[in-house]
Every structure is written in structure tokens, then in C-alpha cells.
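This report refers to the structure that appears directly beneath it.
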Amino acid sequence: MAARFAGRRAVAARVAGRKGVAMLHGFVMIVIDGQEKVLRVDEAFTPDRLGVATLDYLRRWAPPAVDQARKLRLVDISTGTDSDWHAVRRAKERLAERPEEFVQQTLAVGVGFNGAWDVSLTQSRDVLWGYVIDLDRWGFEVYEGWQQSPHTDGRFWERATSRTSYPPRLVAVFPMVDASAAGSVLPSREEFLRQVREGARTLECSWPA
């Protein structure tokens with residue numbers, strides 16, 4: 001899908017020149033056994049790229065991935081071995097080339113880049129989009145960053161620590177499996193993007209309808 005995301009450029013223009021502002025980014029969070037494992041994503045993180053790519057991956061979800069999620073280790077700029085960083089680099093390359101393989105590749109190698117995400121989940125001034133794969137409740141959640149007013153949407157809102165930038169906001173949630181039957185109940189790509197577009201309040205969504 002070759003859609004371009006104008007919202008990212010618009011926000012980038014608004015923050016350009018602000019001293020000390022980090023690059024804009026996204027995240028993928030995997031929740032399992034009550035633990036939140038957050039992967040920082042620095043490119044291709046818009047709903048029409050990483051969003052639909054992760055959606056497609058979840059359609060192929062296989063039980064071994066649950067064990068991989070449990071074993072997933074996170075590293076940041078101050079931790080990790082040379083082998084860890086080689087694995088992180090491989091996953092990053094996959095993200096640029098084939099975003100649909102990013103989560104799969106990260107779980108397969110067993111290590112991911114966290115990048116000190118505690119602040120980013122309380123203040124979303126540098127976050128544009130985020131995705132939560134909840135393996136405890138079997139749900140796929142989409143979050144919109146750049147929140148500059150209080151809200152009560154999603155799992156992060158109570159973590160607010162600033163009065164100028166607020167946690168990422170939930171815009172859509174999709175069940176991953178039907179509790180009464182085996183198989184995926186995830187929407188089509190088109191329906192996924194439609195629901196995200198309708199739920200977004202802060203960022204411009206310019207992918208095709």
C-alpha cells in the first residue's frame with residue numbers, strides 16, 4: 001500500500017526547531033502475563049504501513065509465538081550485547097523493507113529495542129502511532145500520539161505526568177480471536193483503516209478510503 005501519511009509531516013513541521021525534541025516515533029507493545037514489553041519503532045509506523053502489516057501478521061498468529069513473546073528480552077542504548085544489537089538491526093532492516101515481518105522477526109530473534117519508553121507512554125509529544133498486542137485479553141489496540149489535552153481513552157491515560165503532553169490515546173480495538181470458536185475475527189485492511197480514521201482526533205489520516 002503506497003499511501004502517504006501527511007499527518008506525520010504536519011506534526012514534524014510543528015515541532016521542527018524545538019530545542020531538544022527527539023525524533024518522532026511509534027511503538028509496538030506486547031502484553032503477556034501482565035508484563036508490558038514495548039518496542040520502539042522509528043520508521044514506517046503509520047497505520048497504513050506498520051498497522052496493517054501487524055494486522056496481517058496477527059491473522060497468521062501461531063501458538064509458538066506466545067512462548068516467543070514470553071521469552072522476548074528488551075534492550076536500550078545502555079544495555080545489550082553485540083549479538084543483541086545485531087538482532088535489533090536485522091529487525092529494523094525488516095521494518096524498512098517488509099513491515100509485515102517486523103513483529104515476527106523480533107519475536108523470532110528474541111530481543112527488541114525498548115529505548116527507555118516509560119516517558120513516552122506518559123507524554124506523547126514525540127509519539128505518533130502505537131499498537132498493542134494484548135495476549136492476556138487477546139486484543140489488538142491502536143493508539144494515537146501527540147495528545148495535548150487530557151483524555152480517558154485506553155490503558156495509558158492514568159499515567160499522565162505533564163499538563164502539556166498526555167499519554168497516547170486509544171482510537172480502535174479489535175478482538176484477535178473469537179472466544180466461542182477458533183479462528184481470526186480481525187477486520188480487513190480497509191475496515192481497519194476506516195475505524196482508525198474515524199477514531200483519530202489529533203493526527204491527520206490521509207491514506208485512501
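Ordering of the C-alpha cells sets the chain letters (A, B, ...); residue numbers start at 1 within each chain; ligands are numbered from 1 in the order shown.
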task = Quick one: everything within 7 Å of segment 101-117 of chain A, counting only C-alpha atoms, minus sequence neighbours fewer than 5 positions away in the same chain. Send it as a ChimeraX atom specification.
result = /A:38-40,68-69,71-77,84,87-88,91,94-95
Those residues you just picked out, can you put them in a file as a compact mmCIF listing (two decimals), in the first residue's frame with all heavy atoms?
# COMPACT_ATOMS: atom_id res chain seq x y z
N VAL A 38 7.63 -3.24 25.41
CA VAL A 38 7.44 -2.17 24.44
C VAL A 38 8.63 -2.06 23.50
O VAL A 38 9.78 -1.94 23.93
CB VAL A 38 7.23 -0.81 25.15
CG1 VAL A 38 6.81 0.24 24.14
CG2 VAL A 38 6.19 -0.93 26.25
N LEU A 39 8.33 -2.10 22.21
CA LEU A 39 9.34 -1.96 21.16
C LEU A 39 9.24 -0.58 20.55
O LEU A 39 8.16 -0.18 20.09
CB LEU A 39 9.13 -3.01 20.07
CG LEU A 39 9.08 -4.47 20.54
CD1 LEU A 39 8.60 -5.37 19.40
CD2 LEU A 39 10.44 -4.91 21.04
N ARG A 40 10.32 0.15 20.56
CA ARG A 40 10.34 1.45 19.90
C ARG A 40 10.49 1.26 18.40
O ARG A 40 11.29 0.44 17.93
CB ARG A 40 11.49 2.30 20.44
CG ARG A 40 11.68 3.60 19.68
CD ARG A 40 12.71 4.47 20.33
NE ARG A 40 13.09 5.57 19.45
CZ ARG A 40 13.43 6.78 19.86
NH1 ARG A 40 13.42 7.05 21.14
NH2 ARG A 40 13.77 7.71 19.01
N GLN A 68 7.39 -17.33 22.36
CA GLN A 68 8.40 -16.36 21.93
C GLN A 68 8.18 -15.02 22.62
O GLN A 68 9.13 -14.35 23.03
CB GLN A 68 8.36 -16.19 20.42
CG GLN A 68 8.84 -17.39 19.64
CD GLN A 68 8.70 -17.20 18.14
OE1 GLN A 68 7.84 -16.46 17.68
NE2 GLN A 68 9.56 -17.85 17.38
N ALA A 69 6.91 -14.62 22.76
CA ALA A 69 6.60 -13.35 23.43
C ALA A 69 7.01 -13.39 24.89
O ALA A 69 7.50 -12.41 25.45
CB ALA A 69 5.11 -13.05 23.29
N LYS A 71 9.47 -15.03 26.14
CA LYS A 71 10.93 -15.03 26.24
C LYS A 71 11.57 -13.75 25.71
O LYS A 71 12.78 -13.55 25.87
CB LYS A 71 11.49 -16.22 25.46
CG LYS A 71 11.06 -17.57 26.03
CD LYS A 71 11.52 -18.72 25.14
CE LYS A 71 11.07 -20.06 25.68
NZ LYS A 71 11.45 -21.19 24.79
N LEU A 72 10.79 -12.89 25.08
CA LEU A 72 11.34 -11.68 24.47
C LEU A 72 12.05 -10.81 25.49
O LEU A 72 11.49 -10.47 26.54
CB LEU A 72 10.21 -10.88 23.82
CG LEU A 72 10.60 -9.55 23.16
CD1 LEU A 72 11.53 -9.79 21.97
CD2 LEU A 72 9.36 -8.78 22.73
N ARG A 73 13.29 -10.45 25.21
CA ARG A 73 14.07 -9.54 26.05
C ARG A 73 14.15 -8.18 25.38
O ARG A 73 14.18 -8.08 24.15
CB ARG A 73 15.50 -10.07 26.25
CG ARG A 73 15.59 -11.35 27.03
CD ARG A 73 17.04 -11.75 27.25
NE ARG A 73 17.76 -11.99 26.00
CZ ARG A 73 18.67 -11.18 25.48
NH1 ARG A 73 18.99 -10.04 26.10
NH2 ARG A 73 19.29 -11.48 24.35
N LEU A 74 14.22 -7.13 26.20
CA LEU A 74 14.32 -5.78 25.68
C LEU A 74 15.65 -5.16 26.07
O LEU A 74 16.14 -5.36 27.18
CB LEU A 74 13.17 -4.92 26.22
CG LEU A 74 11.75 -5.41 25.92
CD1 LEU A 74 10.74 -4.50 26.56
CD2 LEU A 74 11.52 -5.50 24.42
N VAL A 75 16.23 -4.39 25.15
CA VAL A 75 17.47 -3.67 25.43
C VAL A 75 17.27 -2.20 25.08
O VAL A 75 16.41 -1.86 24.26
CB VAL A 75 18.66 -4.24 24.63
CG1 VAL A 75 18.94 -5.68 25.05
CG2 VAL A 75 18.40 -4.17 23.13
N ASP A 76 18.04 -1.34 25.72
CA ASP A 76 18.03 0.07 25.34
C ASP A 76 19.47 0.48 25.04
O ASP A 76 20.34 -0.37 24.89
CB ASP A 76 17.39 0.95 26.43
CG ASP A 76 18.12 0.86 27.76
OD1 ASP A 76 19.34 0.60 27.77
OD2 ASP A 76 17.47 1.06 28.80
N ILE A 77 19.71 1.78 24.93
CA ILE A 77 21.02 2.24 24.47
C ILE A 77 22.14 1.91 25.46
O ILE A 77 23.32 1.96 25.08
CB ILE A 77 21.01 3.76 24.19
CG1 ILE A 77 20.59 4.53 25.45
CG2 ILE A 77 20.10 4.08 23.03
CD1 ILE A 77 20.66 6.03 25.27
N ASP A 84 22.92 -8.98 20.62
CA ASP A 84 21.60 -8.36 20.77
C ASP A 84 21.41 -7.26 19.74
O ASP A 84 20.38 -7.18 19.07
CB ASP A 84 21.44 -7.76 22.17
CG ASP A 84 21.31 -8.82 23.25
OD1 ASP A 84 20.94 -9.96 22.93
OD2 ASP A 84 21.61 -8.49 24.42
N ALA A 87 20.80 -8.43 16.27
CA ALA A 87 19.41 -8.88 16.10
C ALA A 87 18.46 -7.70 15.96
O ALA A 87 17.54 -7.70 15.13
CB ALA A 87 19.00 -9.75 17.30
N VAL A 88 18.69 -6.66 16.77
CA VAL A 88 17.86 -5.46 16.68
C VAL A 88 18.01 -4.81 15.31
O VAL A 88 17.03 -4.36 14.70
CB VAL A 88 18.23 -4.46 17.81
CG1 VAL A 88 17.59 -3.10 17.56
CG2 VAL A 88 17.80 -5.02 19.17
N ALA A 91 16.02 -6.67 12.70
CA ALA A 91 14.59 -6.38 12.78
C ALA A 91 14.28 -5.00 12.21
O ALA A 91 13.27 -4.80 11.53
CB ALA A 91 14.12 -6.48 14.23
N ARG A 94 14.22 -5.18 8.52
CA ARG A 94 12.97 -5.78 8.09
C ARG A 94 11.84 -4.77 8.12
O ARG A 94 10.97 -4.77 7.24
CB ARG A 94 12.62 -6.97 9.00
CG ARG A 94 13.33 -8.24 8.65
CD ARG A 94 12.91 -8.73 7.28
NE ARG A 94 13.46 -10.04 6.98
CZ ARG A 94 13.38 -10.62 5.80
NH1 ARG A 94 12.80 -10.00 4.80
NH2 ARG A 94 13.89 -11.81 5.59
N LEU A 95 11.84 -3.91 9.13
CA LEU A 95 10.79 -2.89 9.24
C LEU A 95 10.79 -1.99 8.02
O LEU A 95 9.73 -1.66 7.47
CB LEU A 95 10.99 -2.06 10.51
CG LEU A 95 10.04 -0.89 10.72
CD1 LEU A 95 8.60 -1.38 10.84
CD2 LEU A 95 10.44 -0.09 11.95
task = Could you give me, as number ranges by chain, each residue of segment 28-200 of chain A that DSSP assigns to alpha helix (DSSP H) when run on this structure's backbone?
result = A: 52-59, 64-71, 82-97, 102-109, 189-199
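Atom CA of Pro63 of chain A to atom CA of Val132 of chain A spans 17.9 Å [interatomic distance, one decimal].
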inquiry  = My list of candidates is A:Ala200, A:Val171, A:Leu128, A:Val28. Which is closest to Ala53 of chain A when distances are computed with only C-alpha atoms?
reply    = A:Val28
request  = Please identify which residues in segment 24-193 of chain A DSSP calls strand (DSSP E or B) from the backbone, and express them as number ranges by chain.
outcome  = A: 25-32, 35-41, 73-75, 111-113, 127-134, 139-144, 147, 166, 169-175, 177, 184
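From atom CA of Glu198 of chain A back to atom CA of Tyr166 of chain A, the distance works out to 20.4 Å.
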remark   = One decimal place gives the atom CA of Pro175 of chain A-atom CA of Ile133 of chain A separation as 10.0 Å
Who sits within 9 Å of segment 56-59 of chain A, only C-alpha atoms, same chain under 4 positions skipped, as a short mmCIF file (atom, residue, chain, number, x, y, z; two decimals) with all heavy atoms, in the first residue's frame:
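In the end it all went to selection_3.cif:
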data_model
loop_
_atom_site.label_atom_id
_atom_site.label_comp_id
_atom_site.auth_asym_id
_atom_site.auth_seq_id
_atom_site.Cartn_x
_atom_site.Cartn_y
_atom_site.Cartn_z
N GLY A 51 0.68 -0.59 10.90
CA GLY A 51 -0.63 -1.01 11.42
C GLY A 51 -1.21 -2.18 10.65
O GLY A 51 -1.53 -3.22 11.22
N VAL A 52 -1.33 -2.03 9.32
CA VAL A 52 -1.91 -3.12 8.53
C VAL A 52 -0.94 -4.29 8.44
O VAL A 52 -1.37 -5.45 8.33
CB VAL A 52 -2.31 -2.64 7.12
CG1 VAL A 52 -3.42 -1.61 7.20
CG2 VAL A 52 -1.12 -2.10 6.34
N GLU A 100 5.56 -6.00 7.48
CA GLU A 100 4.72 -7.10 7.95
C GLU A 100 5.53 -8.17 8.69
O GLU A 100 4.97 -9.03 9.38
CB GLU A 100 3.97 -7.75 6.78
CG GLU A 100 4.83 -8.47 5.76
CD GLU A 100 5.37 -7.57 4.67
OE1 GLU A 100 5.32 -6.33 4.83
OE2 GLU A 100 5.84 -8.11 3.65
N GLU A 101 6.87 -8.11 8.56
CA GLU A 101 7.72 -9.10 9.21
C GLU A 101 8.39 -8.56 10.47
O GLU A 101 9.16 -9.28 11.12
CB GLU A 101 8.78 -9.61 8.24
CG GLU A 101 8.20 -10.35 7.04
CD GLU A 101 9.27 -10.89 6.12
OE1 GLU A 101 10.46 -10.78 6.45
OE2 GLU A 101 8.91 -11.42 5.05
N VAL A 103 7.29 -7.62 13.64
CA VAL A 103 6.96 -8.29 14.90
C VAL A 103 7.43 -9.74 14.85
O VAL A 103 8.02 -10.24 15.81
CB VAL A 103 5.45 -8.20 15.20
CG1 VAL A 103 5.11 -9.02 16.44
CG2 VAL A 103 5.03 -6.75 15.39
N GLN A 104 7.17 -10.41 13.75
CA GLN A 104 7.58 -11.80 13.60
C GLN A 104 9.09 -11.95 13.75
O GLN A 104 9.57 -12.84 14.46
CB GLN A 104 7.13 -12.32 12.23
CG GLN A 104 7.51 -13.76 11.97
CD GLN A 104 7.02 -14.24 10.61
OE1 GLN A 104 6.39 -13.50 9.87
NE2 GLN A 104 7.33 -15.48 10.27
N ILE A 133 -0.47 -5.46 21.24
CA ILE A 133 -0.90 -6.84 21.05
C ILE A 133 -1.07 -7.43 22.44
O ILE A 133 -0.08 -7.75 23.11
CB ILE A 133 0.13 -7.64 20.23
CG1 ILE A 133 0.39 -6.98 18.87
CG2 ILE A 133 -0.32 -9.09 20.06
CD1 ILE A 133 1.57 -7.58 18.12
N PHE A 140 -6.16 -6.46 19.83
CA PHE A 140 -5.21 -5.63 19.08
C PHE A 140 -5.69 -4.19 19.17
O PHE A 140 -6.79 -3.87 18.71
CB PHE A 140 -5.14 -6.11 17.63
CG PHE A 140 -4.20 -5.32 16.76
CD1 PHE A 140 -2.95 -4.91 17.21
CD2 PHE A 140 -4.55 -5.00 15.45
CE1 PHE A 140 -2.08 -4.20 16.41
CE2 PHE A 140 -3.70 -4.28 14.63
CZ PHE A 140 -2.46 -3.89 15.11
N MET A 176 -8.75 -10.42 18.69
CA MET A 176 -7.86 -11.24 17.87
C MET A 176 -8.43 -12.61 17.58
O MET A 176 -8.16 -13.21 16.55
CB MET A 176 -6.49 -11.36 18.53
CG MET A 176 -5.66 -10.11 18.46
SD MET A 176 -4.13 -10.21 19.42
CE MET A 176 -3.37 -11.69 18.82
N GLY A 183 -10.18 -19.36 15.21
CA GLY A 183 -10.04 -18.54 14.01
C GLY A 183 -10.03 -17.06 14.31
O GLY A 183 -10.44 -16.61 15.37
N SER A 184 -9.57 -16.29 13.35
CA SER A 184 -9.43 -14.85 13.50
C SER A 184 -10.74 -14.14 13.21
O SER A 184 -11.52 -14.54 12.35
CB SER A 184 -8.36 -14.34 12.54
OG SER A 184 -8.32 -12.93 12.55
N VAL A 185 -11.00 -13.07 13.95
CA VAL A 185 -12.15 -12.20 13.67
C VAL A 185 -11.64 -10.80 13.37
O VAL A 185 -12.38 -9.84 13.46
CB VAL A 185 -13.14 -12.18 14.86
CG1 VAL A 185 -13.81 -13.53 15.00
CG2 VAL A 185 -12.44 -11.78 16.15
N LEU A 186 -10.37 -10.69 13.01
CA LEU A 186 -9.80 -9.39 12.69
C LEU A 186 -10.42 -8.85 11.41
O LEU A 186 -10.79 -9.61 10.52
CB LEU A 186 -8.28 -9.52 12.53
CG LEU A 186 -7.50 -9.77 13.83
CD1 LEU A 186 -6.09 -10.20 13.50
CD2 LEU A 186 -7.51 -8.54 14.71
N SER A 188 -10.80 -6.58 7.77
CA SER A 188 -9.99 -6.40 6.57
C SER A 188 -9.10 -5.18 6.75
O SER A 188 -9.31 -4.35 7.66
CB SER A 188 -10.89 -6.20 5.35
OG SER A 188 -11.60 -4.97 5.48
N ARG A 189 -8.11 -5.03 5.88
CA ARG A 189 -7.26 -3.84 5.92
C ARG A 189 -8.10 -2.57 5.78
O ARG A 189 -7.88 -1.59 6.48
CB ARG A 189 -6.23 -3.90 4.79
CG ARG A 189 -5.07 -4.83 5.00
CD ARG A 189 -4.10 -4.73 3.86
NE ARG A 189 -2.81 -5.34 4.18
CZ ARG A 189 -1.68 -5.00 3.62
NH1 ARG A 189 -1.66 -4.03 2.70
NH2 ARG A 189 -0.54 -5.59 3.94
#
